[in-house]
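Asks: Take a look at this one; I'll ask things after.
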Amino acid sequence: MGGYPILTAIVVAPILGALLVLLTPARRPELARAIGLMVSMATLGFALLLLWKFRTNFGGFQYLEHNRWFDSLGVGYIVGVDGFSLFMVVATALLFPIGLLASAKIEHRAKAYVFWFLLLEGAILGIFLSLDLIGFFIFWEAMLVPMYFLIAGWGSANRKYAATKFFIYTAAGSAFLLAAMLVLAFLHQSDTGTLTFDYRVLAAWTTGGMSTTTEYWLFFGFMAAFAVKAPLFPFHTWLPDVHTEAPTAGSVVLAGVILKMGAYGVLRFGFELFPRASAHFAPLFLTLAVIGIVYGSIVAAMQKDAKRVIAYSSVAHMGFILLGIFSITIFGLDGATFTMVSHPLTTGALFLVIGMLYERRHTRQIDQFGGIWKSAPKLTAMFLVAMFAGIGLPAFSGFVGEFLALLGTFAVHRWWGIVATTGVILGAVYMLWMFQRVFTGVPEGENAEMADANGREMLVVVPLLALSLFIGLYPKPVLDRIEPTVKCAVRSFEIRTQTMQRPASDRMDLSGVKGCR
Amino acid sequence: MIAIVAPRVDWTSIAPVVVLVAAALLIVLFKAISRDRVRTYEPALLIGVLGLALSAFYLTKQWSVVVDGGPSDALAHMTALDGFSVFISVIVIISAILMLLLSSEYLVARGIESRPEYVALVLMSAAGMLVMAGANDLIVVFVALEVLSIPLYVLAAYDRTRARSLEAGIKYFVLGAFSSAIFLYGVALVYGATGTTSLEGIQTFLATRVLVNEGSLIAGMVLLLVGLAFKVAAVPFHMWTPDVYEGSPSPVTAFMASATKAAGFAALLRILYTALAQYSSDWRQLIFALALVTLLGGTFGALWQTDLKRLLAYSSIAHAGYILIGVQAGTAKGLQSSLVYLFVYAFMTIGAFAIVVALGGTDDLHAISDLRAYGRRRPVIAALLAFFLLAQAGIPPTAGFIAKLGVFAAAAGAHSYALLIAGVVTSVIAAFFYLRVILTMYAAADEQELPDELETAPTWPAIGVPVAAVLAICVVMTVWVGVLPTIIIDFARDASLIF
């Protein structure tokens with residue numbers, strides 16, 4: 001592959017930037033802000049370069065780097081990118097400069113804010129690129145600290161509670177992840193004699209190497225972490241609280257990429273390490289995903305706080321992603337991975353607009369608003385487009401992803417697909433209802449004098465919406481890069497679980513796909 | 001005529017101890033002959049630090065001897081010279097140096113008379129710990145236990161004007177003496193069962209014979225464990241820990257938490273892994289129970305604490321539990337991970353207590369609620385305390401994570417899944433109380449109502465160079481081992497291989 005360590009550059013750039021920010025004097029926050037923006041833009045540049053160079057017909061890992069780290073525990077530094085992680089890297093690199101731009105109003109300890117924000121970016125990128133289990137876990141845990149400080153330092157009134165809840169919920173899930181990783185590696189060692197945490201080695205070994213019962217246990221150990229993070233019903237209860245208290249940029253990143261870490265974990269480690277367990281428990285997780293979709297949508301409609309509406313809508317959207325994943329079909333996985341790209345764009349835009357409303361009115365209570373359309377037409381237009389993109393109107397990215405996920409599910413688990421489809425309608429209901437209450441009608445009091453979106457605010461939101469529209473109209477460039485990896489994954493899943501009862505339309509066409517493991 | 005044949009004295013193996021004892025005696029002698037008006041503390045400190053440095057120098061020589069010639073023993077098999085003893089000695093010497101660096105400023109700031117005996121006591125205690133690290137005979141373990149403990153009883157009560165310090169000294173003394181007696185009873189029973197007190201002798205005896213009646217041996221083993229569990233502060237023998245840690249002068253507490261723990265675990269590991277290796281299935285069950293209750297007791301005890309020192313005391317109990325997970329594995333990996341943990345923990349805990357020293361205050365009470373909004377009032381102190389607490393919570397990329405990863409990996413490798421689960425779950429619960437302190441510093445709800453002193457508060461704390469140096473060393477080691485752990489893991493591996 002490429003001779004230069006571009007993936008390491010992507011992970012290390014924000015971390016070095018954070019250290020650089022630490023050296024700036026506290027009296028000059030604009031310096032820290034400028035460095036932060038430049039570093040995150042440079043990271044975005046690296047990510048776009050990666051996107052440009054990424055080979056489309058290749059299903060395996062590209063730009064692999066494999067270095068020794070601490071051998072005595074079998075831990076190495078391994079990074080690589082494939083169709084599952086490519087767009088998560090790009091989405092992360094895109095959302096962080098936007099988040100920094102959106103935080104321009106933060107005056108209070110701006111230097112520390114930028115520092116934690118860049119560290120968070122580095123850790124999240126590390127999660128999506130690590131192919132060593134312990135390396136993955138290190139980034140997975142390390143990411144908690146900056147997010148914790150961002151919520152605790154710059155959140156709203158109830159931030160102590162939210163920050164602690166976020167940390168403890170996630171740490172509780174990942175405790176089991178660590179235990180399961182260690183047991184997996186040592187089972188591998190007693191079977192083959194080598195102690196390694198290399199994902200590729202372990203993934204090739206698991207099916208032949210252990211009993212189904214062991215596989216089930218380890219699968220649940222991994223899923224404990226991912227289900228909390230994703231979040232899968234009933235482990236979602238931390239999400240609305242944390243969203244409500246987090247600063248705007250924190251919410252954007254949280255809904256945009258942190259939730260995707262859970263879904264990515266399932267994609268990467270769930271059914272590839274434990275295919276038999278995934279097949280066996282797929283109905284359970286499909287059911288939970290469907291409950292998440294329907295329950296999230298209904299609860300979202302009941303909320304009084306605009307941010308909580310979007311937070312619960314994230315629960316529903318994550319339900320679609322997990323539905324697509326656990327259908328374990330090409331369409332389903334395509335749809336899930338596509339939604340993982342699309343959701344950060346749409347939900348990011350929604351959180352940003354709500355953040356702007358909050359900056360103007362210092363409230364997010366829906367009944368405090370009304371008739372904003374009259375006073376702030378540009379702001380309303382942005383929200384309207386973001387809303388349509390989010391509820392999956394055709395021509396926007398949300399439609400492509402959810403349609404594919406539902407298609408894949410319908411092919412193999414018909415009834416789950418049917419119930420999940422109601423989520424699309426419910427999604428339109430709660431969003432349109434909120435739009436109606438906030439933006440239509442006659443503006444009164446402060447709502448009548450609301451300032452419209454300024455240039456910076458447009459710059460933050462419009463690119464997200466444009467991208468959503470672009471990949472909604474023309475999803476081929478994205479799907480071309482996702483699909484080889486999906487095909488390889490489904491192929492290896494079918495071989496290893498010996499299930500070939502997929503419908504004919506979903507049969508494998510592996511022509512032109514290279515590099516399957 | 002009876003010829004008395006003295007055992008051959010191998011000076012290499014005892015040089016580090018001899019140096020420390022000599023330095024301690026020199027200090028006492030110097031105090032005795034110097035006139036009253038002469039300042040005696042500073043020269044004593046100098047002698048002490050030089051003595052420790054010389055001792056460290058001899059340790060490096062010991063290490064090269066061990067690497068070249070493998071493990072050996074000396075003084076008629078009474079003490080062993082191997083990688084294990086060197087590793088533990090290194091921890092003890094480093095802790096003692098860092099502790100002395102913390103002490104000067106602490107004693108002056110708290111208005112405690114700084115006397116040269118303080119340094120001499122620290123050196124004597126460290127000498128006892130070094131003997132403990134290499135003790136190859138139950139009698140030597142007992143003697144070392146006493147030599148290291150008695151100076152600590154005095155040090156705990158060193159702040160004579162403060163009732164809490166005196167209380168700490170008395171409490172530590174009574175319970176320490178009690179545990180020594182229990183240990184000695186264990187030695188007697190094991191001697192009765194095997195006819196020897198030499199660890200190698202016991203190992204050979206048990207390997208070549210089948211005991212018809214194991215009762216006295218098992219009882220002896222349990223009593224040995226109980227005696228040492230007191231020293232390493234394992235539940236349910238931890239009752240003294242919170243009070244003694246809270247009452248003792250903070251540098252002494254740091255020394256007890258790092259070095260005493262290392263010495264206690266050294267004896268525990270050596271007795272279990274050599275003498276009683278044959279009975280590992282028995283002691284692994286005992287250690288299993290001990291580790292489990294220690295993890296739970298330490299973690300849940302810490303949840304309710306309102307004083308920073310008491311919190312750190314309970315957290316040190318919990319850390320003993322994690323080390324016991326490594327001990328329980330009963331494998332080379334388990335031994336190695338316990339060593340790494342002891343090494344890393346020394347820096348994390350001394351760093352945390354250095355912050356307690358830097359916090360100042362005259363009565364040595366540090367209610368967590370007093371740390372409110374320290375993130376703004378004293379940003380550097382707050383950031384460092386947050387760092388050491390996160391490291392103790394085992395958050396990557398700090399050394400605390402590497403240490404925990406090691407013991408968890410050992411547990412997974414030895415199929416101790418129950419302990420593995422207990423370990424990961426308690427580390428989540430532990431994160432809760434560490435975070436509580438951090439939240440108090442960084443997310444106080446009424447931050448806006450802070451007094452105006454904020455504007456004038458200095459960014460950099462008013463601490464002396466020695467304390468700053470201790471903090472710097474601890475931060476660097478904690479980050480370094482966290483990011484590039486190879487060196488220390490390999491050191492521990494070599495130390496456990498040539499054991």
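If you're wondering about the labels, chains in the structure tokens are A, B, ... by order shown, residues count from 1 in each chain, ligands from 1 in order shown.
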Pull out every residue of chain A that has at least one atom within 10 Å of chain B, counting only C-alpha atoms, and report them as a PyMOL selection string.
Replies: chain A and resi 68-73+109+134-135+137-145+148-149+151-161+163-165+167-187+189-190
Asks: Deliver the residues from the most recent selection as a file, using C-alpha atoms, as a compact mmCIF listing (two decimals), in the first residue's frame.
Replies:
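Here's the written file again.txt:
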```txt
# COMPACT_ATOMS: atom_id res chain seq x y z
CA ARG A 68 5.52 -3.52 17.50
CA TRP A 69 4.37 -1.90 20.71
CA PHE A 70 4.65 -4.10 23.75
CA ASP A 71 5.32 -7.58 22.60
CA SER A 72 5.29 -9.31 25.95
CA LEU A 73 1.53 -8.78 26.07
CA ARG A 109 -11.62 28.95 29.29
CA ILE A 134 -5.97 -3.37 22.91
CA GLY A 135 -5.11 -0.37 20.72
CA PHE A 137 -9.65 -0.28 23.65
CA ILE A 138 -7.05 2.30 24.63
CA PHE A 139 -8.57 4.84 22.27
CA TRP A 140 -12.07 3.75 23.28
CA GLU A 141 -11.35 4.50 26.94
CA ALA A 142 -9.12 7.49 26.33
CA MET A 143 -11.95 9.15 24.43
CA LEU A 144 -14.04 9.25 27.62
CA VAL A 145 -11.79 11.75 29.38
CA TYR A 148 -16.16 14.05 30.16
CA PHE A 149 -14.30 17.31 30.62
CA ILE A 151 -19.52 18.13 29.33
CA ALA A 152 -18.38 18.88 32.88
CA GLY A 153 -16.72 22.15 31.95
CA TRP A 154 -19.00 23.66 29.34
CA GLY A 155 -22.36 21.92 29.75
CA SER A 156 -25.64 23.38 30.97
CA ALA A 157 -26.97 23.45 34.53
CA ASN A 158 -27.07 19.75 35.26
CA ARG A 159 -23.67 18.98 33.74
CA LYS A 160 -22.10 17.21 36.73
CA TYR A 161 -24.79 14.58 36.64
CA ALA A 163 -20.83 13.99 32.73
CA THR A 164 -20.69 11.32 35.42
CA LYS A 165 -23.54 9.39 33.85
CA PHE A 167 -18.52 8.24 31.94
CA ILE A 168 -19.91 5.53 34.18
CA TYR A 169 -22.35 4.07 31.62
CA THR A 170 -19.70 3.85 28.95
CA ALA A 171 -17.00 2.62 31.28
CA ALA A 172 -19.34 -0.06 32.60
CA GLY A 173 -19.89 -1.34 29.08
CA SER A 174 -16.26 -1.24 28.16
CA ALA A 175 -15.23 -3.11 31.32
CA PHE A 176 -16.84 -6.19 29.86
CA LEU A 177 -15.29 -5.42 26.51
CA LEU A 178 -11.81 -5.50 28.04
CA ALA A 179 -12.50 -8.72 29.90
CA ALA A 180 -13.84 -10.37 26.74
CA MET A 181 -10.87 -9.17 24.68
CA LEU A 182 -8.41 -10.64 27.17
CA VAL A 183 -10.23 -13.95 27.38
CA LEU A 184 -10.41 -14.11 23.58
CA ALA A 185 -6.69 -13.48 23.19
CA PHE A 186 -5.73 -16.04 25.83
CA LEU A 187 -8.04 -18.67 24.38
CA GLN A 189 -2.96 -18.38 22.83
CA SER A 190 -3.79 -21.69 24.44
```
Asks: What's around region 274-279 of chain B at 7 Å? Count only C-alpha atoms, leave out sequence neighbours fewer than 2 positions away in its own chain, and write the answer as a list of chain:residue names.
Replies: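 Residues near the query, excluding close chain neighbours: B:Leu199, B:Glu200, B:Ile202, B:Gln203, B:Leu206, B:Ala207, B:Arg270, B:Ile271, B:Leu272, B:Ser281, B:Asp282, B:Trp283.
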Asks: Could you turn the residues from that selection into a file that holds C-alpha atoms, as a PDB file, in the first residue's frame?
Replies:
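Once written, selection.pdb looks like this:
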```pdb
ATOM      1  CA  LEU B 199      11.922 -21.259  51.891  1.00  0.00           C
ATOM      2  CA  GLU B 200      13.915 -23.559  49.623  1.00  0.00           C
ATOM      3  CA  ILE B 202      10.185 -26.037  52.646  1.00  0.00           C
ATOM      4  CA  GLN B 203       9.811 -26.247  48.881  1.00  0.00           C
ATOM      5  CA  LEU B 206       6.923 -30.485  50.154  1.00  0.00           C
ATOM      6  CA  ALA B 207       8.002 -31.528  46.669  1.00  0.00           C
ATOM      7  CA  ARG B 270       8.271 -15.226  47.451  1.00  0.00           C
ATOM      8  CA  ILE B 271       6.676 -17.409  50.118  1.00  0.00           C
ATOM      9  CA  LEU B 272       3.775 -18.411  47.893  1.00  0.00           C
ATOM     10  CA  SER B 281      -4.189 -24.878  44.394  1.00  0.00           C
ATOM     11  CA  ASP B 282      -4.807 -24.254  48.098  1.00  0.00           C
ATOM     12  CA  TRP B 283      -3.396 -20.770  48.402  1.00  0.00           C
TER      13      TRP B 283
END
```
Asks: Set the distance at 12 Å and use only C-alpha atoms: which residues neighbour Glu446 (chain A) once local chain neighbours fewer than 5 positions away are removed? I'd like the list as an mmCIF file with N, CA and C atoms, in the first residue's frame.
Replies:
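The file below, selection_32.cif, is the result:
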```
data_model
loop_
_atom_site.group_PDB
_atom_site.id
_atom_site.type_symbol
_atom_site.label_atom_id
_atom_site.label_comp_id
_atom_site.auth_asym_id
_atom_site.auth_seq_id
_atom_site.Cartn_x
_atom_site.Cartn_y
_atom_site.Cartn_z
ATOM 1 N N LEU A 357 -30.543 28.600 18.088
ATOM 2 C CA LEU A 357 -31.758 29.084 18.752
ATOM 3 C C LEU A 357 -31.482 29.295 20.234
ATOM 4 N N ARG A 360 -29.636 32.383 21.090
ATOM 5 C CA ARG A 360 -30.441 33.599 20.970
ATOM 6 C C ARG A 360 -31.440 33.753 22.105
ATOM 7 N N ARG A 361 -32.025 32.633 22.511
ATOM 8 C CA ARG A 361 -33.126 32.729 23.470
ATOM 9 C C ARG A 361 -32.794 32.147 24.847
ATOM 10 N N HIS A 362 -31.683 31.432 24.978
ATOM 11 C CA HIS A 362 -31.272 30.769 26.219
ATOM 12 C C HIS A 362 -32.347 29.842 26.755
ATOM 13 N N THR A 363 -33.064 29.255 25.850
ATOM 14 C CA THR A 363 -34.000 28.201 26.237
ATOM 15 C C THR A 363 -34.125 27.258 25.041
ATOM 16 N N GLN A 368 -41.695 27.798 24.179
ATOM 17 C CA GLN A 368 -41.217 29.175 24.275
ATOM 18 C C GLN A 368 -41.030 29.800 22.896
ATOM 19 N N PHE A 369 -41.007 28.945 21.877
ATOM 20 C CA PHE A 369 -40.771 29.460 20.531
ATOM 21 C C PHE A 369 -42.089 29.590 19.772
ATOM 22 N N GLY A 370 -41.999 30.112 18.557
ATOM 23 C CA GLY A 370 -43.174 30.221 17.693
ATOM 24 C C GLY A 370 -42.937 31.306 16.658
ATOM 25 N N GLY A 371 -43.281 30.994 15.421
ATOM 26 C CA GLY A 371 -43.199 32.000 14.372
ATOM 27 C C GLY A 371 -41.809 32.469 14.014
ATOM 28 N N ILE A 372 -40.810 31.638 14.283
ATOM 29 C CA ILE A 372 -39.437 32.034 13.985
ATOM 30 C C ILE A 372 -39.271 32.282 12.479
ATOM 31 N N SER A 375 -39.283 35.894 11.612
ATOM 32 C CA SER A 375 -38.183 36.750 12.041
ATOM 33 C C SER A 375 -36.839 36.252 11.523
ATOM 34 N N ALA A 376 -36.655 34.951 11.369
ATOM 35 C CA ALA A 376 -35.350 34.429 10.961
ATOM 36 C C ALA A 376 -35.517 33.422 9.832
ATOM 37 N N ALA A 451 -32.552 37.495 15.738
ATOM 38 C CA ALA A 451 -31.609 37.769 14.661
ATOM 39 C C ALA A 451 -31.529 36.559 13.734
#
```
Asks: List as a PDB file with N, CA and C atoms, in the first residue's frame the protein and nucleic acid residues near region 112-128 of chain B, meaning an atom at most 6 Å away when only C-alpha atoms are counted, but skip any in the same chain fewer than 6 places from it.
Replies:
```
ATOM      1  N   VAL B  17      21.876  -2.927  51.613  1.00  0.00           N
ATOM      2  CA  VAL B  17      21.339  -2.838  52.976  1.00  0.00           C
ATOM      3  C   VAL B  17      22.375  -2.233  53.905  1.00  0.00           C
ATOM      4  N   LEU B  20      22.639   1.479  53.637  1.00  0.00           N
ATOM      5  CA  LEU B  20      21.535   2.212  54.257  1.00  0.00           C
ATOM      6  C   LEU B  20      21.670   2.239  55.774  1.00  0.00           C
ATOM      7  N   ALA B  24      22.233   5.462  58.180  1.00  0.00           N
ATOM      8  CA  ALA B  24      21.341   5.756  59.308  1.00  0.00           C
ATOM      9  C   ALA B  24      22.139   5.933  60.595  1.00  0.00           C
ATOM     10  N   TYR B  41      19.408  18.920  60.485  1.00  0.00           N
ATOM     11  CA  TYR B  41      18.505  18.203  59.580  1.00  0.00           C
ATOM     12  C   TYR B  41      19.045  18.155  58.155  1.00  0.00           C
ATOM     13  N   ALA B  44      21.813  15.743  57.594  1.00  0.00           N
ATOM     14  CA  ALA B  44      21.265  14.390  57.701  1.00  0.00           C
ATOM     15  C   ALA B  44      20.548  14.013  56.405  1.00  0.00           C
ATOM     16  N   ALA B 144      12.954  -8.864  59.044  1.00  0.00           N
ATOM     17  CA  ALA B 144      12.792  -7.734  58.130  1.00  0.00           C
ATOM     18  C   ALA B 144      11.483  -7.008  58.397  1.00  0.00           C
ATOM     19  N   VAL B 147      12.036  -4.882  61.343  1.00  0.00           N
ATOM     20  CA  VAL B 147      12.956  -3.772  61.080  1.00  0.00           C
ATOM     21  C   VAL B 147      12.269  -2.702  60.238  1.00  0.00           C
ATOM     22  N   LEU B 148      11.437  -3.108  59.316  1.00  0.00           N
ATOM     23  CA  LEU B 148      10.788  -2.094  58.487  1.00  0.00           C
ATOM     24  C   LEU B 148       9.623  -1.445  59.220  1.00  0.00           C
ATOM     25  N   PRO B 151      10.463   1.514  62.656  1.00  0.00           N
ATOM     26  CA  PRO B 151      10.647   2.930  62.295  1.00  0.00           C
ATOM     27  C   PRO B 151       9.367   3.572  61.768  1.00  0.00           C
TER      28      PRO B 151
END
```
Asks: As a list in words, please: the residues near Gly401 (chain A) (cut-off 8 Å, only C-alpha atoms, same-chain neighbours under 5 positions excluded).
Replies: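 So, after excluding close chain neighbours, the residues are Asp334, Gly335, Ala336, Thr337, Phe338, Thr339 and Ser342 of chain A.
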Asks: Record the distance separating CA of Ser297 (chain A) and CA of Tyr312 (chain A), expressed in Å with one decimal.
Replies: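 Computed distance, CA of Ser297 (chain A) to CA of Tyr312 (chain A), equals 6.7 Å.
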Asks: Name all residues at most 9 Å from Val252 (chain A) (count only C-alpha atoms; drop same-chain ones fewer than 6 positions away) and give them as number ranges by chain.
Replies: A: 95-96, 99, 344, 347-352
Asks: Name the residues of region 109-343 of chain A that fall into strand (DSSP E or B) according to DSSP on the backbone, using the chain letters and numbers of this document, as a PyMOL selection string.
Replies: chain A and resi 130+132+198+305
Asks: Quick one: which region 297-359 of chain B residues come within 6 Å of region 239-259 of chain B, and what is the nearest atom pair for each with the distance in Å to one decimal, counting only C-alpha atoms, rows ordered by chain and ascending number, as a tab-separated table?
Replies:
```
residue	atom	partner	partner_atom	distance
B:Lys309	CA	B:Glu246	CA	5.4
B:Arg310	CA	B:Pro242	CA	5.4
B:Ala313	CA	B:Pro242	CA	5.2
B:Ala346	CA	B:Ser258	CA	4.5
B:Ile350	CA	B:Ala254	CA	5.1
B:Phe353	CA	B:Ala254	CA	5.8
```
Asks: Would you mind exporting the chosen residues as a PDB file, in the first residue's frame, restricted to N, CA and C atoms?
Replies:
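out-v4.pdb written:
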```
ATOM      1  N   LYS B 309      -7.331  12.347  51.860  1.00  0.00           N
ATOM      2  CA  LYS B 309      -6.354  11.342  52.289  1.00  0.00           C
ATOM      3  C   LYS B 309      -7.019  10.005  52.579  1.00  0.00           C
ATOM      4  N   ARG B 310      -8.195  10.067  53.168  1.00  0.00           N
ATOM      5  CA  ARG B 310      -8.907   8.805  53.431  1.00  0.00           C
ATOM      6  C   ARG B 310      -9.324   8.145  52.122  1.00  0.00           C
ATOM      7  N   ALA B 313      -6.467   6.450  50.864  1.00  0.00           N
ATOM      8  CA  ALA B 313      -6.205   5.253  51.663  1.00  0.00           C
ATOM      9  C   ALA B 313      -7.063   4.092  51.172  1.00  0.00           C
ATOM     10  N   ALA B 346       3.618   2.860  42.744  1.00  0.00           N
ATOM     11  CA  ALA B 346       4.473   3.709  43.571  1.00  0.00           C
ATOM     12  C   ALA B 346       4.445   5.140  43.042  1.00  0.00           C
ATOM     13  N   ILE B 350       2.594   8.186  45.062  1.00  0.00           N
ATOM     14  CA  ILE B 350       3.464   9.243  45.584  1.00  0.00           C
ATOM     15  C   ILE B 350       3.089  10.565  44.922  1.00  0.00           C
ATOM     16  N   PHE B 353       0.034  11.878  46.702  1.00  0.00           N
ATOM     17  CA  PHE B 353       0.325  12.415  48.037  1.00  0.00           C
ATOM     18  C   PHE B 353       1.198  13.670  47.944  1.00  0.00           C
TER      19      PHE B 353
END
```
Asks: Measure the distance from CA of Met382 (chain A) to CA of Ile98 (chain A) in Å and round it to one decimal.
Replies: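 So the two atoms, CA of Met382 (chain A) and CA of Ile98 (chain A), lie 15.3 Å apart.
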Asks: Could you please determine the separation between CA of Ile325 (chain B) and CA of Leu295 (chain B) in Å, to one decimal place?
Replies: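 Interatomic distance, CA of Ile325 (chain B) to CA of Leu295 (chain B): 9.3 Å.
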Asks: Could you please write out, as a PyMOL selection string, every residue of region 50-253 of chain B that DSSP assigns to helix (DSSP H, G or I)?
Replies: chain B and resi 50-69+83-109+116-134+138-156+163-194+199-208+215-232+240-247+250-253
Asks: Using only C-alpha atoms, which residue out of B:Val235, B:Ala352, B:Val66, B:Ala74 lies closest to Ala495 (chain B)?
Replies: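 Between B:Val235, B:Ala352, B:Val66, B:Ala74, the residue approaching Ala495 (chain B) most closely is B:Val66.
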Asks: Using only C-alpha atoms, pick whichever of A:Leu131, A:Ala279, A:Val461, A:Ala26 has the shortest atom-to-atom distance to Val81 (chain A).
Replies: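 Closest residue, counting only C-alpha atoms: A:Leu131.
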Asks: Considering only C-alpha atoms, state which residue in the set B:Ile88, B:Leu130, B:Leu311, B:Ala468 is at the smallest distance from Ala492 (chain B).
Replies: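 With only C-alpha atoms as the atom set, the closest residue is B:Ile88.
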Asks: Between A:Ala428, A:Ile330, A:Leu407, A:Leu284, which is the closest to Leu479 (chain A) once you count only C-alpha atoms?
Replies: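 Ranking A:Ala428, A:Ile330, A:Leu407, A:Leu284 by distance to Leu479 (chain A), first place goes to A:Ile330.
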